[in-house]
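S.K.: Sharing data-v5.cif, mmCIF, C-alpha atoms and all ligand atoms:
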```cif
data_query
#
loop_
_atom_site.label_atom_id
_atom_site.label_comp_id
_atom_site.auth_asym_id
_atom_site.auth_seq_id
_atom_site.Cartn_x
_atom_site.Cartn_y
_atom_site.Cartn_z
CA MET A 2 25.68 6.56 -24.15
CA SER A 3 28.77 8.71 -24.84
CA ILE A 4 28.44 11.18 -21.97
CA ASN A 5 26.07 11.65 -19.07
CA MET A 6 24.31 14.94 -18.68
CA VAL A 7 22.48 13.99 -15.47
CA ALA A 8 24.38 14.43 -12.22
CA ASP A 9 26.12 11.37 -10.71
CA HIS A 10 23.38 10.64 -8.19
CA ALA A 11 20.67 10.74 -10.86
CA ARG A 12 21.98 7.99 -13.15
CA TRP A 13 19.50 5.17 -13.20
CA PRO A 14 19.02 2.31 -15.67
CA ILE A 15 17.31 3.30 -18.94
CA ALA A 16 14.30 1.05 -18.30
CA ASN A 17 10.56 1.47 -18.07
CA ASP A 18 8.62 0.60 -14.95
CA PRO A 19 8.08 -3.18 -15.32
CA ILE A 20 4.44 -3.07 -14.19
CA PHE A 21 3.46 -0.37 -16.68
CA GLU A 22 5.43 -2.19 -19.37
CA ILE A 23 3.64 -5.54 -18.97
CA SER A 24 0.37 -3.68 -18.65
CA GLY A 25 1.09 -2.02 -22.03
CA ARG A 26 1.69 -5.45 -23.56
CA ALA A 27 -1.65 -6.65 -22.16
CA LYS A 28 -3.40 -3.64 -23.72
CA ASN A 29 -1.82 -4.48 -27.09
CA ALA A 30 -3.01 -8.08 -26.78
CA ILE A 31 -6.54 -6.87 -26.02
CA ALA A 32 -6.44 -4.68 -29.16
CA GLU A 33 -5.28 -7.67 -31.21
CA PHE A 34 -7.32 -10.55 -29.78
CA GLY A 35 -10.32 -8.87 -28.12
CA LYS A 36 -10.87 -8.37 -24.39
CA GLU A 37 -12.82 -11.62 -23.95
CA ASN A 38 -9.71 -13.55 -25.04
CA VAL A 39 -7.16 -11.84 -22.80
CA ILE A 40 -6.76 -11.87 -19.01
CA ASP A 41 -5.11 -8.63 -17.93
CA ALA A 42 -4.28 -9.02 -14.24
CA THR A 43 -1.41 -6.53 -14.22
CA LEU A 44 -2.64 -3.28 -12.70
CA GLY A 45 -3.63 -2.49 -9.13
CA ALA A 46 -6.91 -0.75 -9.90
CA LEU A 47 -10.51 -1.96 -9.59
CA TYR A 48 -12.20 -2.98 -12.83
CA ASP A 49 -15.74 -4.27 -13.27
CA ASP A 50 -16.48 -7.64 -14.87
CA GLU A 51 -16.64 -6.01 -18.33
CA GLY A 52 -13.13 -4.64 -17.98
CA ASN A 53 -14.02 -0.99 -17.29
CA ILE A 54 -12.31 0.89 -14.50
CA ILE A 55 -14.68 1.38 -11.53
CA CYS A 56 -15.29 5.07 -10.77
CA MET A 57 -17.40 5.61 -7.65
CA LYS A 58 -20.42 7.75 -8.50
CA SER A 59 -20.63 9.32 -5.03
CA VAL A 60 -17.03 10.53 -5.49
CA TYR A 61 -17.22 11.78 -9.07
CA ASP A 62 -20.66 13.45 -8.65
CA GLU A 63 -19.08 15.44 -5.83
CA LEU A 64 -16.07 16.41 -7.93
CA LYS A 65 -18.08 17.35 -11.02
CA ASN A 66 -20.52 19.48 -9.00
CA MET A 67 -17.78 21.35 -7.22
CA PRO A 68 -17.35 25.07 -7.99
CA ASN A 69 -14.29 25.57 -10.20
CA GLU A 70 -12.63 27.88 -7.71
CA LYS A 71 -12.54 25.14 -5.07
CA ILE A 72 -10.63 22.92 -7.46
CA ALA A 73 -8.44 25.65 -8.89
CA ALA A 74 -7.17 27.32 -5.74
CA TYR A 75 -3.98 26.27 -3.97
CA ALA A 76 -4.54 24.20 -0.85
CA PRO A 77 -2.65 25.19 2.31
CA LEU A 78 0.68 23.35 2.60
CA ALA A 79 -0.63 21.03 5.33
CA GLY A 80 -3.95 20.45 3.52
CA THR A 81 -7.36 22.15 3.78
CA PRO A 82 -8.78 22.25 7.36
CA GLY A 83 -11.86 20.23 6.25
CA PHE A 84 -9.67 17.51 4.75
CA LEU A 85 -7.42 17.32 7.80
CA LYS A 86 -10.46 16.87 10.01
CA SER A 87 -12.14 14.22 7.86
CA VAL A 88 -9.02 12.24 7.00
CA GLU A 89 -8.57 11.20 10.65
CA THR A 90 -12.13 9.86 10.77
CA ALA A 91 -11.74 8.21 7.36
CA CYS A 92 -8.53 6.54 8.45
CA PHE A 93 -9.18 5.46 12.04
CA GLY A 94 -12.97 5.02 12.07
CA GLU A 95 -13.93 4.20 15.65
CA TYR A 96 -10.37 3.07 16.48
CA LYS A 97 -8.60 6.40 16.87
CA PRO A 98 -5.65 5.95 19.24
CA GLU A 99 -5.37 8.02 22.42
CA ALA A 100 -2.43 10.13 21.37
CA HIS A 101 -1.40 13.43 19.82
CA ILE A 102 -2.23 13.12 16.15
CA ARG A 103 -1.29 15.41 13.26
CA ALA A 104 -2.02 14.93 9.56
CA VAL A 105 -0.43 16.49 6.49
CA ALA A 106 -1.93 16.11 3.01
CA THR A 107 0.24 14.36 0.42
CA PRO A 108 -0.04 13.44 -3.26
CA GLY A 109 -1.27 9.87 -2.70
CA GLY A 110 0.03 7.37 -0.18
CA THR A 111 3.32 7.56 -2.08
CA GLY A 112 3.81 11.09 -0.76
CA ALA A 113 3.46 9.84 2.80
CA VAL A 114 5.95 7.04 2.16
CA LYS A 115 8.36 9.65 0.80
CA HIS A 116 7.92 11.80 3.92
CA ALA A 117 8.65 8.85 6.20
CA ILE A 118 11.74 7.68 4.32
CA CYS A 119 13.02 11.22 3.86
CA ASN A 120 12.49 12.45 7.41
CA TYR A 121 12.76 9.42 9.68
CA ALA A 122 15.82 7.53 8.36
CA ASN A 123 19.36 8.89 8.30
CA THR A 124 21.35 9.02 5.06
CA GLY A 125 23.11 5.70 4.49
CA ASP A 126 20.80 3.86 6.91
CA SER A 127 18.66 0.84 6.07
CA ILE A 128 14.86 0.76 6.26
CA LEU A 129 13.29 -2.51 7.34
CA VAL A 130 10.58 -4.14 5.19
CA GLY A 131 9.34 -7.70 4.59
CA ASP A 132 10.92 -9.66 1.73
CA TRP A 133 7.69 -9.30 -0.29
CA TYR A 134 7.39 -5.55 -0.63
CA TRP A 135 6.08 -2.77 -2.87
CA SER A 136 9.12 -1.90 -4.99
CA PRO A 137 8.73 1.92 -4.82
CA TYR A 138 9.91 1.71 -1.17
CA ALA A 139 13.33 0.82 -2.58
CA THR A 140 13.07 3.35 -5.42
CA ILE A 141 12.29 6.16 -2.97
CA ALA A 142 15.00 5.06 -0.53
CA GLU A 143 17.79 4.70 -3.07
CA GLU A 144 16.95 8.00 -4.73
CA ILE A 145 17.89 9.75 -1.48
CA GLY A 146 20.83 7.65 -0.34
CA LYS A 147 19.07 5.14 1.90
CA LYS A 148 18.79 1.36 1.66
CA ILE A 149 16.25 -1.39 2.17
CA GLU A 150 16.84 -4.37 4.42
CA THR A 151 14.40 -7.26 4.36
CA PHE A 152 13.18 -9.76 6.94
CA THR A 153 11.37 -12.95 5.92
CA LEU A 154 7.69 -12.01 5.87
CA PHE A 155 6.19 -15.48 6.27
CA ASN A 156 6.95 -18.32 8.66
CA GLU A 157 6.38 -21.98 7.80
CA GLU A 158 2.69 -21.78 8.66
CA GLY A 159 2.29 -18.82 6.28
CA ASN A 160 1.85 -16.29 9.10
CA PHE A 161 3.92 -13.22 10.04
CA ASN A 162 7.48 -14.33 10.75
CA LEU A 163 8.04 -12.70 14.14
CA ALA A 164 11.37 -14.43 14.69
CA SER A 165 12.88 -13.09 11.46
CA PHE A 166 11.39 -9.65 12.07
CA LYS A 167 12.82 -9.51 15.61
CA GLU A 168 16.24 -10.65 14.52
CA HIS A 169 16.59 -8.07 11.73
CA PHE A 170 14.99 -5.24 13.69
CA GLU A 171 17.18 -5.73 16.75
CA ALA A 172 20.39 -6.09 14.72
CA LEU A 173 19.61 -2.92 12.75
CA MET A 174 18.73 -1.05 15.93
CA LYS A 175 22.01 -2.05 17.52
CA LYS A 176 23.87 -0.77 14.47
CA GLN A 177 21.90 2.38 13.62
CA LYS A 178 20.20 3.39 16.89
CA ARG A 179 17.27 4.43 14.68
CA VAL A 180 15.12 2.11 12.62
CA LEU A 181 12.26 2.94 10.31
CA THR A 182 10.10 -0.15 9.70
CA ILE A 183 7.44 -0.16 6.99
CA LEU A 184 4.54 -2.58 7.37
CA ASN A 185 1.96 -2.64 4.59
CA THR A 186 -1.20 -3.96 6.24
CA PRO A 187 -4.07 -4.79 6.09
CA ALA A 188 -4.36 -6.18 2.55
CA HIS A 189 -0.66 -6.25 1.74
CA ASN A 190 0.62 -5.67 -1.77
CA PRO A 191 1.58 -8.10 -3.30
CA THR A 192 0.45 -11.02 -1.11
CA GLY A 193 -2.90 -10.00 0.40
CA TYR A 194 -1.63 -10.69 3.93
CA SER A 195 -3.14 -8.79 6.89
CA ILE A 196 -1.31 -8.73 10.21
CA SER A 197 -3.59 -10.09 12.97
CA ASP A 198 -4.23 -8.28 16.26
CA ASP A 199 -2.19 -10.89 18.14
CA GLU A 200 0.72 -10.44 15.75
CA TRP A 201 0.45 -6.68 16.25
CA ASP A 202 0.82 -7.19 20.02
CA GLU A 203 4.01 -9.17 19.49
CA ILE A 204 5.41 -6.62 17.02
CA LEU A 205 4.68 -3.76 19.41
CA ASN A 206 6.35 -5.66 22.26
CA ILE A 207 9.51 -5.89 20.17
CA PHE A 208 9.32 -2.14 19.50
CA LYS A 209 8.59 -1.28 23.14
CA ASN A 210 11.49 -3.38 24.29
CA ALA A 211 13.84 -1.44 22.00
CA ALA A 212 12.31 1.83 23.20
CA LYS A 213 13.45 1.05 26.78
CA ASP A 214 16.80 2.42 25.70
CA GLU A 215 16.07 6.14 25.55
CA ASN A 216 18.81 6.66 22.95
CA ASN A 217 16.97 4.45 20.46
CA ARG A 218 14.54 5.90 17.92
CA VAL A 219 11.86 3.42 16.94
CA VAL A 220 9.77 4.53 13.97
CA LEU A 221 6.98 2.62 12.28
CA LEU A 222 5.19 3.49 9.06
CA VAL A 223 1.96 1.57 8.49
CA ASP A 224 1.12 1.71 4.81
CA THR A 225 -2.67 1.35 4.69
CA ALA A 226 -3.15 1.89 0.93
CA TYR A 227 -5.74 -0.93 0.67
CA ILE A 228 -7.43 -0.63 4.09
CA ASP A 229 -10.88 0.15 2.67
CA PHE A 230 -11.00 -3.30 1.08
CA ALA A 231 -10.12 -5.34 4.15
CA GLY A 232 -12.54 -7.28 6.34
CA VAL A 233 -16.30 -6.92 6.51
CA GLY A 234 -16.90 -3.63 8.33
CA LEU A 235 -14.25 -1.49 9.99
CA GLU A 236 -12.92 -4.25 12.25
CA LYS A 237 -9.58 -4.54 10.43
CA ARG A 238 -8.79 -1.06 11.74
CA SER A 239 -8.83 -2.22 15.37
CA PHE A 240 -5.00 -2.33 15.55
CA PHE A 241 -4.92 1.49 15.43
CA LYS A 242 -6.07 1.56 19.07
CA LYS A 243 -2.84 -0.18 20.02
CA PHE A 244 -0.94 3.01 19.13
CA SER A 245 -2.31 4.68 22.29
CA ASN A 246 0.10 5.86 24.99
CA LEU A 247 3.29 4.55 23.40
CA PRO A 248 6.74 5.50 24.72
CA GLU A 249 7.79 8.86 23.29
CA ASN A 250 10.74 7.37 21.38
CA LEU A 251 8.33 5.04 19.54
CA PHE A 252 6.74 7.11 16.79
CA VAL A 253 4.05 5.78 14.43
CA MET A 254 3.03 7.16 11.05
CA ILE A 255 0.23 6.11 8.75
CA ALA A 256 0.46 6.40 4.97
CA TYR A 257 -3.16 7.04 4.02
CA SER A 258 -4.20 6.92 0.37
CA MET A 259 -7.34 8.09 -1.43
CA SER A 260 -6.34 6.21 -4.59
CA LYS A 261 -8.09 2.87 -4.04
CA GLY A 262 -10.69 3.70 -1.38
CA TYR A 263 -12.11 6.57 -3.46
CA THR A 264 -11.16 5.20 -6.91
CA MET A 265 -9.15 8.42 -7.33
CA TYR A 266 -5.81 6.95 -8.45
CA GLY A 267 -5.12 9.78 -10.88
CA MET A 268 -6.20 12.56 -8.53
CA ARG A 269 -3.11 12.05 -6.33
CA SER A 270 -4.31 12.49 -2.79
CA GLY A 271 -3.59 11.04 0.60
CA ALA A 272 -2.06 11.96 3.94
CA ALA A 273 0.80 11.30 6.29
CA ILE A 274 -0.62 10.91 9.78
CA GLY A 275 1.71 11.05 12.79
CA ILE A 276 0.85 9.51 16.18
CA SER A 277 2.76 10.23 19.39
CA SER A 278 2.21 10.33 23.13
CA ASN A 279 4.23 13.56 23.10
CA GLU A 280 2.64 16.62 21.49
CA ASP A 281 5.98 18.22 20.59
CA ILE A 282 6.93 15.12 18.59
CA ALA A 283 3.62 15.24 16.71
CA ILE A 284 4.18 18.94 15.92
CA GLU A 285 7.77 18.25 14.86
CA PHE A 286 6.39 15.62 12.45
CA GLN A 287 3.86 18.06 11.02
CA TYR A 288 6.43 20.78 10.36
CA SER A 289 9.07 18.50 8.90
CA CYS A 290 6.45 17.05 6.51
CA MET A 291 5.34 20.55 5.53
CA HIS A 292 8.96 21.45 4.83
CA SER A 293 9.41 18.32 2.73
CA GLY A 294 6.13 19.00 0.93
CA ARG A 295 7.34 22.47 0.00
CA ALA A 296 10.66 21.02 -1.16
CA ASN A 297 9.10 18.23 -3.26
CA TRP A 298 5.65 19.06 -4.63
CA SER A 299 4.46 22.15 -2.73
CA ASN A 300 0.88 21.33 -1.77
CA GLY A 301 -1.58 18.52 -2.44
CA THR A 302 -4.51 18.26 -4.87
CA ARG A 303 -7.20 20.62 -3.66
CA GLY A 304 -10.14 19.11 -5.60
CA ALA A 305 -9.52 15.68 -4.09
CA MET A 306 -9.31 17.10 -0.58
CA GLU A 307 -12.60 18.96 -1.12
CA VAL A 308 -14.27 15.75 -2.30
CA MET A 309 -13.42 14.01 0.94
CA SER A 310 -14.40 16.91 3.17
CA SER A 311 -17.76 17.45 1.48
CA ILE A 312 -18.59 13.73 1.61
CA TYR A 313 -17.70 13.60 5.31
CA ALA A 314 -19.65 16.79 6.08
CA ASP A 315 -22.95 15.32 4.81
CA PRO A 316 -24.33 12.08 6.35
CA ALA A 317 -26.39 11.24 3.24
CA LYS A 318 -23.36 11.60 0.96
CA LEU A 319 -21.23 9.63 3.38
CA ASN A 320 -23.78 6.81 3.44
CA ALA A 321 -23.94 6.71 -0.35
CA TYR A 322 -20.13 6.61 -0.53
CA LEU A 323 -19.81 3.89 2.14
CA GLU A 324 -22.45 1.85 0.33
CA GLU A 325 -20.37 2.00 -2.86
CA VAL A 326 -17.23 0.96 -0.99
CA LYS A 327 -19.16 -1.97 0.47
CA GLU A 328 -20.43 -3.11 -2.93
CA THR A 329 -16.98 -2.85 -4.50
CA LYS A 330 -15.41 -4.69 -1.59
CA GLN A 331 -17.93 -7.49 -1.95
CA LEU A 332 -17.12 -7.79 -5.65
CA LEU A 333 -13.42 -8.02 -4.84
CA GLN A 334 -13.99 -10.55 -2.07
CA SER A 335 -16.12 -12.74 -4.31
CA ARG A 336 -13.29 -12.83 -6.87
CA ALA A 337 -10.74 -13.63 -4.17
CA LYS A 338 -12.88 -16.54 -2.98
CA ILE A 339 -13.24 -17.90 -6.50
CA PHE A 340 -9.46 -17.75 -7.09
CA VAL A 341 -8.49 -19.17 -3.68
CA ASP A 342 -11.10 -21.97 -3.81
CA GLU A 343 -10.07 -22.96 -7.32
CA ALA A 344 -6.37 -22.83 -6.37
CA GLU A 345 -7.04 -25.12 -3.43
CA LYS A 346 -9.09 -27.49 -5.55
CA ILE A 347 -6.41 -27.90 -8.22
CA GLY A 348 -3.40 -27.77 -5.87
CA LEU A 349 -2.03 -24.35 -6.84
CA LYS A 350 -0.16 -23.03 -3.80
CA THR A 351 -0.55 -19.29 -3.11
CA LEU A 352 0.98 -17.15 -0.38
CA THR A 353 -1.39 -16.49 2.54
CA TYR A 354 -4.21 -14.30 1.24
CA ARG A 355 -6.51 -12.51 3.67
CA ASP A 356 -7.64 -9.27 2.00
CA GLY A 357 -6.98 -6.97 -0.89
CA PHE A 358 -6.25 -6.53 -4.55
CA PHE A 359 -3.62 -9.22 -5.24
CA ILE A 360 -2.82 -12.91 -4.88
CA THR A 361 0.79 -14.05 -5.19
CA ILE A 362 2.33 -17.35 -6.14
CA GLU A 363 5.93 -18.06 -5.22
CA HIS A 364 8.09 -19.35 -8.08
CA PRO A 365 11.84 -19.78 -8.64
CA GLU A 366 11.70 -18.43 -12.21
CA PRO A 367 9.05 -15.72 -12.16
CA LYS A 368 10.06 -13.97 -15.42
CA LYS A 369 10.05 -17.23 -17.37
CA LEU A 370 6.68 -18.20 -15.90
CA MET A 371 5.25 -14.77 -16.70
CA GLU A 372 6.45 -15.00 -20.32
CA GLU A 373 4.96 -18.50 -20.70
CA LEU A 374 1.64 -17.15 -19.42
CA THR A 375 1.64 -14.25 -21.88
CA LYS A 376 1.76 -16.85 -24.68
CA GLN A 377 -1.66 -17.95 -23.40
CA ASN A 378 -2.87 -14.35 -23.24
CA LEU A 379 -2.64 -14.21 -19.46
CA TYR A 380 -0.81 -11.08 -18.31
CA LEU A 381 0.37 -10.56 -14.73
CA VAL A 382 3.36 -9.10 -12.94
CA SER A 383 6.57 -10.98 -12.23
CA LEU A 384 8.26 -10.11 -8.94
CA LYS A 385 11.67 -11.14 -7.60
CA LYS A 386 10.36 -14.37 -6.08
CA GLY A 387 7.00 -15.02 -7.70
CA ILE A 388 4.10 -13.75 -9.77
CA ARG A 389 1.34 -11.34 -8.73
CA PHE A 390 -2.21 -11.77 -10.01
CA ALA A 391 -4.46 -8.69 -9.69
CA ILE A 392 -7.92 -10.01 -8.78
CA CYS A 393 -9.04 -6.36 -8.62
CA ALA A 394 -8.76 -6.14 -12.39
CA VAL A 395 -10.49 -9.28 -13.73
CA SER A 396 -13.90 -10.97 -13.47
CA GLY A 397 -14.58 -13.95 -11.22
CA GLU A 398 -14.90 -16.14 -14.29
CA LYS A 399 -11.44 -15.12 -15.49
CA CYS A 400 -10.01 -15.57 -11.95
CA LYS A 401 -11.13 -19.20 -12.02
CA LYS A 402 -9.78 -19.76 -15.51
CA ALA A 403 -6.46 -18.06 -14.65
CA ALA A 404 -5.84 -20.29 -11.63
CA GLY A 405 -6.08 -23.31 -13.92
CA ILE A 406 -3.79 -21.83 -16.57
CA ILE A 407 -1.18 -20.87 -13.96
CA LYS A 408 -1.21 -24.34 -12.39
CA LYS A 409 -0.82 -26.08 -15.76
CA THR A 410 1.96 -23.74 -16.83
CA ILE A 411 3.90 -24.20 -13.58
CA ASP A 412 3.55 -27.98 -13.96
CA SER A 413 4.76 -27.81 -17.55
CA LEU A 414 7.88 -25.86 -16.49
CA ASN A 415 8.81 -28.42 -13.82
C1 LIG A 501 1.64 -0.91 -1.10
C2 LIG A 501 1.26 0.41 -1.65
N1 LIG A 501 1.52 1.49 -0.92
C3 LIG A 501 1.20 2.71 -1.34
C4 LIG A 501 0.60 2.90 -2.55
C5 LIG A 501 0.32 4.33 -2.87
O1 LIG A 501 -0.48 4.64 -3.87
P1 LIG A 501 -0.91 6.12 -4.18
O2 LIG A 501 0.31 6.96 -4.15
O3 LIG A 501 -1.55 6.05 -5.49
O4 LIG A 501 -1.86 6.51 -3.08
C6 LIG A 501 0.32 1.81 -3.37
C7 LIG A 501 -0.28 1.94 -4.71
O5 LIG A 501 -0.20 1.15 -5.58
C8 LIG A 501 0.67 0.52 -2.91
O6 LIG A 501 0.43 -0.57 -3.62
#
```
Render the structure in this file as structure tokens.
Ligand SMILES: Cc1ncc(COP(=O)(O)O)c(C=O)c1O
M.R.:
Amino acid sequence: MSINMVADHARWPIANDPIFEISGRAKNAIAEFGKENVIDATLGALYDDEGNIICMKSVYDELKNMPNEKIAAYAPLAGTPGFLKSVETACFGEYKPEAHIRAVATPGGTGAVKHAICNYANTGDSILVGDWYWSPYATIAEEIGKKIETFTLFNEEGNFNLASFKEHFEALMKKQKRVLTILNTPAHNPTGYSISDDEWDEILNIFKNAAKDENNRVVLLVDTAYIDFAGVGLEKRSFFKKFSNLPENLFVMIAYSMSKGYTMYGMRSGAAIGISSNEDIAIEFQYSCMHSGRANWSNGTRGAMEVMSSIYADPAKLNAYLEEVKETKQLLQSRAKIFVDEAEKIGLKTLTYRDGFFITIEHPEPKKLMEELTKQNLYLVSLKKGIRFAICAVSGEKCKKAAGIIKKTIDSLN
């Protein structure tokens, strides 16, 4: 390029998003070879066994029957009152912490991640995440002059690496006096890991210890994008209760998303939820998010907010919706079991999977492995240190077949 017209801070590589790019290649392969001959495990959205995107009827009936003016009107900056009331119930279930809680509507969980990175880390500071992480955390951080630092997510047993987390968190705290940590759990993207209640206790002890110094600012963002697909009932939400009565310099936020749990990926809705033992800190959170909202996207998607509030206002609709979530979750869990069982049987090592949309396999040459797999019409995403297979997007039969293809291909590259 001869000259740049964008400002200095806005110069980024001329490259497409790698996930959407490989997904486009999979779509081309389907057009050429037929969908029965291609495994497209690229995208993080739920598809049925025939390859059609799942759209929950209870959600879309509500949207389609909604008066136009409810969809058309602007929502208040913080979100509609009905949405703000129901989103707390939708998020916490019976595990609402004893604390001052404020919610602000956002365009998807991404909006909440943006709020956290924008408002709770200083310019030039590093944000702490595990070494397997959703890459938009880095995109969002670097766009506004912040960095990502990683701890090692897994220990040798394949559980949460508390020692690495502690080491990085404490060193960063010493240096910055303020640390924003992002933990994506339950049903982590890309690995499918869910932090256990015991691990949560240890993590919170590390935070509370740092909070003993009143000059420190300990901030945690829990990214719960996949929470509706974790566990059997609501039990994987039990960790929320642990956010009760925390020290006032330990602030917790939740990034809540309607994308997966309501199959509303394109409707862009979610919330940032702030939790504090101090009401002023919760209010400060609410107003700084509203300011950021105004500065970035104005307000959230009204139609999506109305869908949630009308479902939550009517027990029959809520039951129908929860029933659909349950069915979809069971479908996902049956695919996960097929993949994990087959992987175990044939000796394909995966990272610890507990819940969620993806299973990940560590590999030293992920791009090469991904390209080899495309030659066999298997499309998935290559990450920095491995490959990510989206069980949400393919049938159980294809999950089983894919595990075998991946194992053989890895062996052939050795
Ligand atoms: C880890 C993680 N966090 C947050 C999100 C936010 O998604 P959305 O903005 O669509 O709610 C996603 C979506 O893919 C995700 O994978």
S.K.: Return as JSON, numbers by chain every polymer residue, whether protein, DNA or RNA, with at least one atom no more than 6 Å from an atom of ligand LIG 501 (chain A); count all atoms listed in the file.
M.R.: {"A": [109, 110, 111, 135, 185, 190, 224, 226, 258, 259, 260, 266]}
S.K.: Skipping near chain neighbours, those fewer than 5 positions away, what residues fall within 7 Å of range 333-345 of chain A using only C-alpha atoms, listed as a list of chain:residue names?
M.R.: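 Counting only C-alpha atoms, the residues come to A:Lys350, A:Ile392, A:Cys393, A:Ser396, A:Gly397, A:Cys400, A:Lys401, A:Ala404.
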S.K.: Looking at only C-alpha atoms, which of A:Leu222, A:Val60, A:Leu173, A:Ile228 is the one that sits closest to Lys330 in chain A?
M.R.: A:Ile228
S.K.: Excluding same-chain residues fewer than 2 positions from Ile362 in chain A, what lies within 12 Å of it counting all atoms listed in the file, as a ChimeraX atom specification?
M.R.: /A:133,191-193,340-341,344,348-354,359-360,364-367,370-371,381-391,404,407-408,411
S.K.: For the residues in that selection, give me C-alpha atoms as a short mmCIF file (atom, residue, chain, number, x, y, z; two decimals), in the coordinates of the input.
M.R.:
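And here's out.cif as it stands now:
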```cif
data_model
loop_
_atom_site.label_atom_id
_atom_site.label_comp_id
_atom_site.auth_asym_id
_atom_site.auth_seq_id
_atom_site.Cartn_x
_atom_site.Cartn_y
_atom_site.Cartn_z
CA TRP A 133 7.69 -9.30 -0.29
CA PRO A 191 1.58 -8.10 -3.30
CA THR A 192 0.45 -11.02 -1.11
CA GLY A 193 -2.90 -10.00 0.40
CA PHE A 340 -9.46 -17.75 -7.09
CA VAL A 341 -8.49 -19.17 -3.68
CA ALA A 344 -6.37 -22.83 -6.37
CA GLY A 348 -3.40 -27.77 -5.87
CA LEU A 349 -2.03 -24.35 -6.84
CA LYS A 350 -0.16 -23.03 -3.80
CA THR A 351 -0.55 -19.29 -3.11
CA LEU A 352 0.98 -17.15 -0.38
CA THR A 353 -1.39 -16.49 2.54
CA TYR A 354 -4.21 -14.30 1.24
CA PHE A 359 -3.62 -9.22 -5.24
CA ILE A 360 -2.82 -12.91 -4.88
CA HIS A 364 8.09 -19.35 -8.08
CA PRO A 365 11.84 -19.78 -8.64
CA GLU A 366 11.70 -18.43 -12.21
CA PRO A 367 9.05 -15.72 -12.16
CA LEU A 370 6.68 -18.20 -15.90
CA MET A 371 5.25 -14.77 -16.70
CA LEU A 381 0.37 -10.56 -14.73
CA VAL A 382 3.36 -9.10 -12.94
CA SER A 383 6.57 -10.98 -12.23
CA LEU A 384 8.26 -10.11 -8.94
CA LYS A 385 11.67 -11.14 -7.60
CA LYS A 386 10.36 -14.37 -6.08
CA GLY A 387 7.00 -15.02 -7.70
CA ILE A 388 4.10 -13.75 -9.77
CA ARG A 389 1.34 -11.34 -8.73
CA PHE A 390 -2.21 -11.77 -10.01
CA ALA A 391 -4.46 -8.69 -9.69
CA ALA A 404 -5.84 -20.29 -11.63
CA ILE A 407 -1.18 -20.87 -13.96
CA LYS A 408 -1.21 -24.34 -12.39
CA ILE A 411 3.90 -24.20 -13.58
#
```
S.K.: Pick the closest to Tyr134 in chain A from A:Ser3, A:Asn297, A:Thr182, A:Asn246: which is it, counting all atoms listed in the file?
M.R.: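 Of A:Ser3, A:Asn297, A:Thr182, A:Asn246, the one nearest Tyr134 in chain A, counting all atoms listed in the file, is A:Thr182.
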S.K.: For the point (-6.5, 1.5, 18.5) in file coordinates, what residues are within 6 Å, counting only C-alpha atoms? Give the answer as number ranges by chain?
M.R.: A: 96-98, 239-244
S.K.: When distances are computed from all atoms listed in the file, which of A:Met254, A:Ala231, A:Ala139, A:Met268 shows the smallest separation from Lys327 in chain A?
M.R.: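 When distances to Lys327 in chain A are compared using all atoms listed in the file, the smallest one comes from A:Ala231.
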S.K.: Using only C-alpha atoms, which residues sit within 10 Å of Leu374 in chain A once same-chain residues fewer than 5 positions away are excluded, as a list of chain:residue names?
M.R.: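 Selected residues are A:Ile40, A:Lys368, A:Lys369, A:Leu379, A:Tyr380, A:Leu381, A:Ala403, A:Ile406, A:Ile407, A:Lys409, A:Thr410, A:Ile411.
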S.K.: What does the distance between CA of Gly275 in chain A and CA of Arg103 in chain A come to in Å, to one decimal place?
M.R.: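 Value for the CA of Gly275 in chain A-CA of Arg103 in chain A distance: 5.3 Å.
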S.K.: What is the distance between CA of Phe84 in chain A and CA of Ala106 in chain A, in Å to one decimal?
M.R.: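 That distance, rounded to one decimal, is 8.1 Å.
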S.K.: For Thr81 in chain A, which of A:Pro108, A:Gly232, A:Gly131, A:Gly304 is the closest residue, counting all atoms listed in the file?
M.R.: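 Closest candidate: A:Gly304.
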S.K.: Out of A:Met6, A:Leu44, A:Ala256, A:Leu163, which residue has the shortest atom-to-atom distance to Thr186 in chain A when counting all atoms listed in the file?
M.R.: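 For Thr186 in chain A, the nearest of the given residues is A:Ala256.
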